[in-house]
file query.cif (mmCIF, C-alpha atoms)
data_entry
#
loop_
_atom_site.label_atom_id
_atom_site.label_comp_id
_atom_site.auth_asym_id
_atom_site.auth_seq_id
_atom_site.Cartn_x
_atom_site.Cartn_y
_atom_site.Cartn_z
CA MET V 251 67.37 58.33 140.51
CA LYS V 252 70.74 57.64 138.94
CA VAL V 253 72.38 54.26 138.80
CA SER V 254 76.10 53.76 138.53
CA LEU V 255 78.16 50.61 138.22
CA ALA V 256 81.22 50.69 140.41
CA VAL V 257 84.22 48.40 140.33
CA CYS V 258 86.10 47.81 143.57
CA LYS V 259 88.54 45.05 144.40
CA ASP V 260 87.81 43.26 141.10
CA SER V 261 84.08 43.03 141.80
CA HIS V 262 81.07 44.99 140.57
CA PHE V 263 78.08 46.43 142.34
CA SER V 264 75.39 48.93 141.42
CA LEU V 265 74.58 51.96 143.49
CA SER V 266 71.28 53.84 143.25
CA LEU V 267 71.03 57.32 144.69
CA GLU V 268 68.74 60.32 144.39
CA ALA V 269 70.21 62.90 142.04
CA HIS V 270 71.23 65.41 144.75
CA LEU V 271 73.10 62.72 146.71
CA TRP V 272 75.48 62.21 143.77
CA GLU V 273 76.97 65.61 144.47
CA GLU V 274 78.24 64.46 147.87
CA PRO V 275 80.69 61.75 146.67
CA GLU V 276 82.01 64.18 144.08
CA VAL V 277 82.62 66.82 146.77
CA GLN V 278 84.14 64.29 149.17
CA ALA V 279 86.39 62.81 146.46
CA GLU V 280 87.51 66.28 145.36
CA GLU V 281 88.33 67.27 148.96
CA ARG V 282 90.56 64.19 149.21
CA GLN V 283 91.99 64.76 145.71
CA MET V 284 90.60 61.43 144.49
CA ASP V 285 88.43 60.32 141.61
CA TRP V 286 85.08 58.56 142.21
CA PRO V 287 86.38 54.92 142.08
CA ASP V 288 89.21 55.73 144.51
CA TYR V 289 86.76 57.46 146.85
CA ALA V 290 84.45 54.42 146.68
CA ARG V 291 87.41 52.19 147.59
CA PHE V 292 88.26 54.54 150.47
CA VAL V 293 84.69 54.37 151.85
CA LEU V 294 84.56 50.60 151.38
CA SER V 295 87.80 50.12 153.30
CA GLU V 296 85.66 50.54 156.45
CA CYS V 297 82.83 48.30 155.20
CA PRO V 298 82.23 45.09 157.18
CA VAL V 299 82.99 41.95 155.14
CA ASN V 300 79.42 40.62 154.95
CA ALA V 301 77.70 43.99 154.49
CA ASN V 302 75.91 45.13 151.35
CA ARG V 303 78.48 47.50 149.83
CA ALA V 304 76.02 49.71 147.95
CA SER V 305 73.94 50.19 151.12
CA PHE V 306 77.08 50.91 153.13
CA ILE V 307 78.14 53.68 150.70
CA ARG V 308 74.62 55.15 150.66
CA ARG V 309 74.45 55.19 154.49
CA THR V 310 77.91 56.75 154.65
CA LEU V 311 76.93 59.51 152.21
CA ILE V 312 73.73 60.29 154.10
CA ARG V 313 75.61 60.28 157.42
CA ASN V 314 78.15 62.75 155.94
CA LEU V 315 75.37 65.04 154.71
CA ARG V 316 73.65 64.97 158.11
CA ALA V 317 76.96 65.79 159.78
CA HIS V 318 77.31 68.82 157.48
CA LEU V 319 73.79 69.95 158.39
CA SER V 320 74.24 69.56 162.14
CA ALA V 321 77.62 71.31 162.00
CA GLY V 322 75.97 74.32 160.39
CA ASP V 323 78.01 74.15 157.19
CA ALA V 324 76.80 75.87 154.02
CA GLY V 325 75.01 72.59 153.28
CA SER V 326 72.50 73.41 156.02
CA GLN V 327 71.21 76.21 153.87
CA VAL V 328 68.90 74.78 151.23
CA ARG V 329 67.45 77.15 148.67
CA SER V 330 63.73 76.77 148.09
CA TYR V 331 60.92 78.74 146.47
CA TRP V 332 57.32 78.81 147.65
CA MET V 333 54.14 80.47 146.44
CA VAL V 334 51.04 81.25 148.48
CA GLU V 335 47.66 82.00 146.96
CA TYR V 336 45.01 83.68 149.10
CA LYS V 337 41.94 85.48 147.72
CA ASN V 338 43.42 85.45 144.20
CA MET V 339 46.55 87.21 145.46
CA PHE V 340 49.91 85.49 144.94
CA ASN V 341 53.04 85.91 147.04
CA ARG V 342 56.32 84.25 146.21
CA TYR V 343 58.98 83.45 148.81
CA GLU V 344 62.61 82.42 148.62
CA PHE V 345 64.37 80.81 151.57
CA TRP V 346 67.85 79.53 152.41
CA SER V 347 66.86 77.21 155.23
CA VAL V 348 65.97 73.61 156.08
CA ARG V 349 62.99 74.65 158.24
CA ILE V 350 60.22 77.13 157.45
CA LEU V 351 57.31 78.01 159.75
CA VAL V 352 53.94 78.98 158.29
CA GLY V 353 50.98 80.58 160.08
CA ARG V 354 49.17 83.79 161.02
CA ASP V 355 51.67 84.96 163.65
CA ARG V 356 54.32 87.55 162.69
CA GLU V 357 57.11 85.30 163.94
CA ASN V 358 56.48 82.77 161.16
CA ASP V 359 58.69 82.74 158.09
CA ILE V 360 55.55 82.84 155.93
CA GLN V 361 52.86 84.93 157.59
CA LEU V 362 49.34 84.45 156.25
CA LYS V 363 46.44 86.89 156.73
CA ASP V 364 43.96 83.98 156.44
CA SER V 365 41.75 83.83 159.59
CA ALA V 366 41.22 80.07 159.01
CA VAL V 367 44.98 79.53 159.49
CA SER V 368 46.34 78.96 163.01
CA LYS V 369 49.01 81.19 164.53
CA ARG V 370 51.54 78.37 164.03
CA HIS V 371 49.87 76.20 161.42
CA LEU V 372 52.60 74.08 159.84
CA MET V 373 56.30 73.55 159.48
CA LEU V 374 58.10 72.84 156.23
CA ALA V 375 61.18 70.70 156.86
CA PHE V 376 63.86 69.40 154.50
CA ASP V 377 65.22 65.92 155.36
CA LEU V 378 68.02 65.72 152.74
CA LEU V 379 65.66 64.06 150.27
CA ASN V 380 62.29 65.83 150.39
CA TRP V 381 60.46 68.84 151.71
CA TRP V 382 57.81 67.78 154.24
CA ALA V 383 54.76 69.74 155.40
CA ILE V 384 54.00 68.92 159.04
CA ASP V 385 50.79 70.10 160.70
CA LEU V 386 51.56 71.73 164.06
CA LYS V 387 48.23 70.65 165.61
CA SER V 388 46.44 73.46 163.84
CA LYS V 389 42.70 74.02 164.37
CA ASN V 390 41.72 73.48 160.72
CA GLY V 391 44.44 71.05 159.59
CA ILE V 392 46.03 70.69 156.16
CA ARG V 393 44.83 69.04 152.96
CA ASP V 394 46.99 67.59 150.21
CA HIS V 395 46.58 68.19 146.47
CA GLU V 396 43.79 65.56 146.39
CA SER V 397 41.98 67.31 149.29
CA ASN V 398 42.78 64.49 151.74
CA TRP V 399 43.29 65.58 155.36
CA VAL V 400 46.86 64.83 156.36
CA SER V 401 49.06 65.51 159.37
CA CYS V 402 52.26 65.22 157.36
CA THR V 403 53.01 64.97 153.64
CA VAL V 404 55.86 65.24 151.14
CA MET V 405 55.69 68.46 149.14
CA SER V 406 55.78 67.66 145.43
CA PRO V 407 56.83 70.52 143.15
CA GLY V 408 53.82 72.30 141.69
CA ARG V 409 51.23 70.39 143.74
CA PRO V 410 49.27 72.56 146.16
CA LEU V 411 48.80 72.07 149.87
CA TYR V 412 45.69 73.66 151.37
CA LEU V 413 45.62 75.31 154.77
CA GLY V 414 42.58 77.31 155.77
CA ASN V 415 41.55 79.26 152.66
CA SER V 416 45.13 79.48 151.39
CA LYS V 417 47.09 77.39 148.96
CA LEU V 418 50.83 76.70 149.42
CA ILE V 419 52.89 75.49 146.46
CA TYR V 420 56.51 74.32 146.39
CA LEU V 421 58.20 75.68 143.28
CA PRO V 422 61.06 73.66 141.75
#

call {"tool": "encode", "arguments": {"input": "query.cif", "output": "structure tokens"}}
result
Amino acid sequence: MKVSLAVCKDSHFSLSLEAHLWEEPEVQAEERQMDWPDYARFVLSECPVNANRASFIRRTLIRNLRAHLSAGDAGSQVRSYWMVEYKNMFNRYEFWSVRILVGRDRENDIQLKDSAVSKRHLMLAFDLLNWWAIDLKSKNGIRDHESNWVSCTVMSPGRPLYLGNSKLIYLP
């Protein structure tokens, strides 16, 4: 997480954002031919008087990113790498998507030959901050890197997720 000190209207406030969210104000400022402080002033011009300014900017940035995703802009295509291990065989996958389906069925983005995996076992979904693994009511469930049974979990880079006899790893 980065922290920046911003000065607007002769006052200071700090703003904490995840690293990938910092790209958005830079893009928005560049599109409006502004620098970061001018863009912050522009966003704050719509901020209610008693509102927390840092929270208002953060919500505005996230709202803008979600709008890009729902509009189908290039931002809706997130590059990710995944590795699956099954019976000491490794397969690596690259996707440009915010949703990836995993299971035995051919229609899945990642098709597994593991008979302990359901036809539609889980969905990987990107929420602008994290990749999530969501069990799709599979017969054998999913286990996190500590072997706890979970219905939904954040995918940490390099930490395995177990489904059936297979291991799924998010690669940074």

call {"tool": "resolve_selection", "arguments": {"input": "query.cif", "expression": "the PyMOL selection byres ((chain V and resi 366) around 7)", "output": "mmCIF file with C-alpha atoms, in the coordinates of the input"}}
result
data_model
loop_
_atom_site.group_PDB
_atom_site.id
_atom_site.type_symbol
_atom_site.label_atom_id
_atom_site.label_comp_id
_atom_site.auth_asym_id
_atom_site.auth_seq_id
_atom_site.Cartn_x
_atom_site.Cartn_y
_atom_site.Cartn_z
ATOM 1 C CA ASP V 364 43.960 83.980 156.440
ATOM 2 C CA SER V 365 41.750 83.830 159.590
ATOM 3 C CA VAL V 367 44.980 79.530 159.490
ATOM 4 C CA SER V 368 46.340 78.960 163.010
ATOM 5 C CA ASN V 390 41.720 73.480 160.720
ATOM 6 C CA GLY V 414 42.580 77.310 155.770
ATOM 7 C CA ASN V 415 41.550 79.260 152.660
#

call {"tool": "resolve_selection", "arguments": {"input": "query.cif", "expression": "the PyMOL selection byres ((chain V and resi 387) around 10)", "output": "list in words"}}
result
Ser368, Arg370, His371, Leu372, Ile384, Asp385, Leu386, Ser388, Lys389, Asn390, Gly391, Ile392 and Ser401 of chain V

call {"tool": "residues_around", "arguments": {"input": "query.cif", "residues": "Arg342 (chain V)", "least_positions_apart": "2", "cutoff": "8 Å", "atoms": "only C-alpha atoms", "output": "list in words"}}
result
Tyr331, Trp332, Met333, Val334, Phe340 and Glu344 of chain V

call {"tool": "atom_distance", "arguments": {"input": "query.cif", "atom1": "CA of Val348 (chain V)", "atom2": "CA of Tyr412 (chain V)"}}
result
20.8 Å

call {"tool": "resolve_selection", "arguments": {"input": "query.cif", "expression": "the PyMOL selection byres ((chain V and resi 359) around 12)", "output": "NGL selection string"}}
result
:V and (332 or 343-358 or 360-362 or 369-374)

call {"tool": "write_last_selection", "arguments": {"input": "query.cif", "atoms": "C-alpha atoms", "output": "PDB file, in the frame of the given file"}}
result
ATOM      1  CA  TRP V 332      57.320  78.810 147.650  1.00  0.00           C
ATOM      2  CA  TYR V 343      58.980  83.450 148.810  1.00  0.00           C
ATOM      3  CA  GLU V 344      62.610  82.420 148.620  1.00  0.00           C
ATOM      4  CA  PHE V 345      64.370  80.810 151.570  1.00  0.00           C
ATOM      5  CA  TRP V 346      67.850  79.530 152.410  1.00  0.00           C
ATOM      6  CA  SER V 347      66.860  77.210 155.230  1.00  0.00           C
ATOM      7  CA  VAL V 348      65.970  73.610 156.080  1.00  0.00           C
ATOM      8  CA  ARG V 349      62.990  74.650 158.240  1.00  0.00           C
ATOM      9  CA  ILE V 350      60.220  77.130 157.450  1.00  0.00           C
ATOM     10  CA  LEU V 351      57.310  78.010 159.750  1.00  0.00           C
ATOM     11  CA  VAL V 352      53.940  78.980 158.290  1.00  0.00           C
ATOM     12  CA  GLY V 353      50.980  80.580 160.080  1.00  0.00           C
ATOM     13  CA  ARG V 354      49.170  83.790 161.020  1.00  0.00           C
ATOM     14  CA  ASP V 355      51.670  84.960 163.650  1.00  0.00           C
ATOM     15  CA  ARG V 356      54.320  87.550 162.690  1.00  0.00           C
ATOM     16  CA  GLU V 357      57.110  85.300 163.940  1.00  0.00           C
ATOM     17  CA  ASN V 358      56.480  82.770 161.160  1.00  0.00           C
ATOM     18  CA  ILE V 360      55.550  82.840 155.930  1.00  0.00           C
ATOM     19  CA  GLN V 361      52.860  84.930 157.590  1.00  0.00           C
ATOM     20  CA  LEU V 362      49.340  84.450 156.250  1.00  0.00           C
ATOM     21  CA  LYS V 369      49.010  81.190 164.530  1.00  0.00           C
ATOM     22  CA  ARG V 370      51.540  78.370 164.030  1.00  0.00           C
ATOM     23  CA  HIS V 371      49.870  76.200 161.420  1.00  0.00           C
ATOM     24  CA  LEU V 372      52.600  74.080 159.840  1.00  0.00           C
ATOM     25  CA  MET V 373      56.300  73.550 159.480  1.00  0.00           C
ATOM     26  CA  LEU V 374      58.100  72.840 156.230  1.00  0.00           C
TER      27      LEU V 374
END

call {"tool": "atom_distance", "arguments": {"input": "query.cif", "atom1": "CA of Met405 (chain V)", "atom2": "CA of Leu378 (chain V)"}}
result
13.1 Å

call {"tool": "atom_distance", "arguments": {"input": "query.cif", "atom1": "CA of Asn302 (chain V)", "atom2": "CA of Glu281 (chain V)"}}
result
25.5 Å

call {"tool": "closest_residue", "arguments": {"input": "query.cif", "among": "V:Ala375, V:Val277, V:Leu421, V:Ala304", "to": "Thr403 (chain V)", "atoms": "only C-alpha atoms"}}
result
V:Ala375

call {"tool": "closest_residue", "arguments": {"input": "query.cif", "among": "V:Glu335, V:Pro275, V:Leu379, V:Val328", "to": "Leu411 (chain V)", "atoms": "all atoms listed in the file"}}
result
V:Glu335

call {"tool": "closest_residue", "arguments": {"input": "query.cif", "among": "V:Ser305, V:Gln283, V:Asn341, V:Thr310", "to": "Lys363 (chain V)", "atoms": "all atoms listed in the file"}}
result
V:Asn341

call {"tool": "residues_around", "arguments": {"input": "query.cif", "residues": "Val404 (chain V)", "least_positions_apart": "4", "cutoff": "8 Å", "atoms": "all atoms listed in the file", "output": "PyMOL selection string"}}
result
chain V and resi 380-383

call {"tool": "closest_residue", "arguments": {"input": "query.cif", "among": "V:Ser330, V:Glu276, V:Phe376, V:Asn398", "to": "Tyr420 (chain V)", "atoms": "all atoms listed in the file"}}
result
V:Ser330
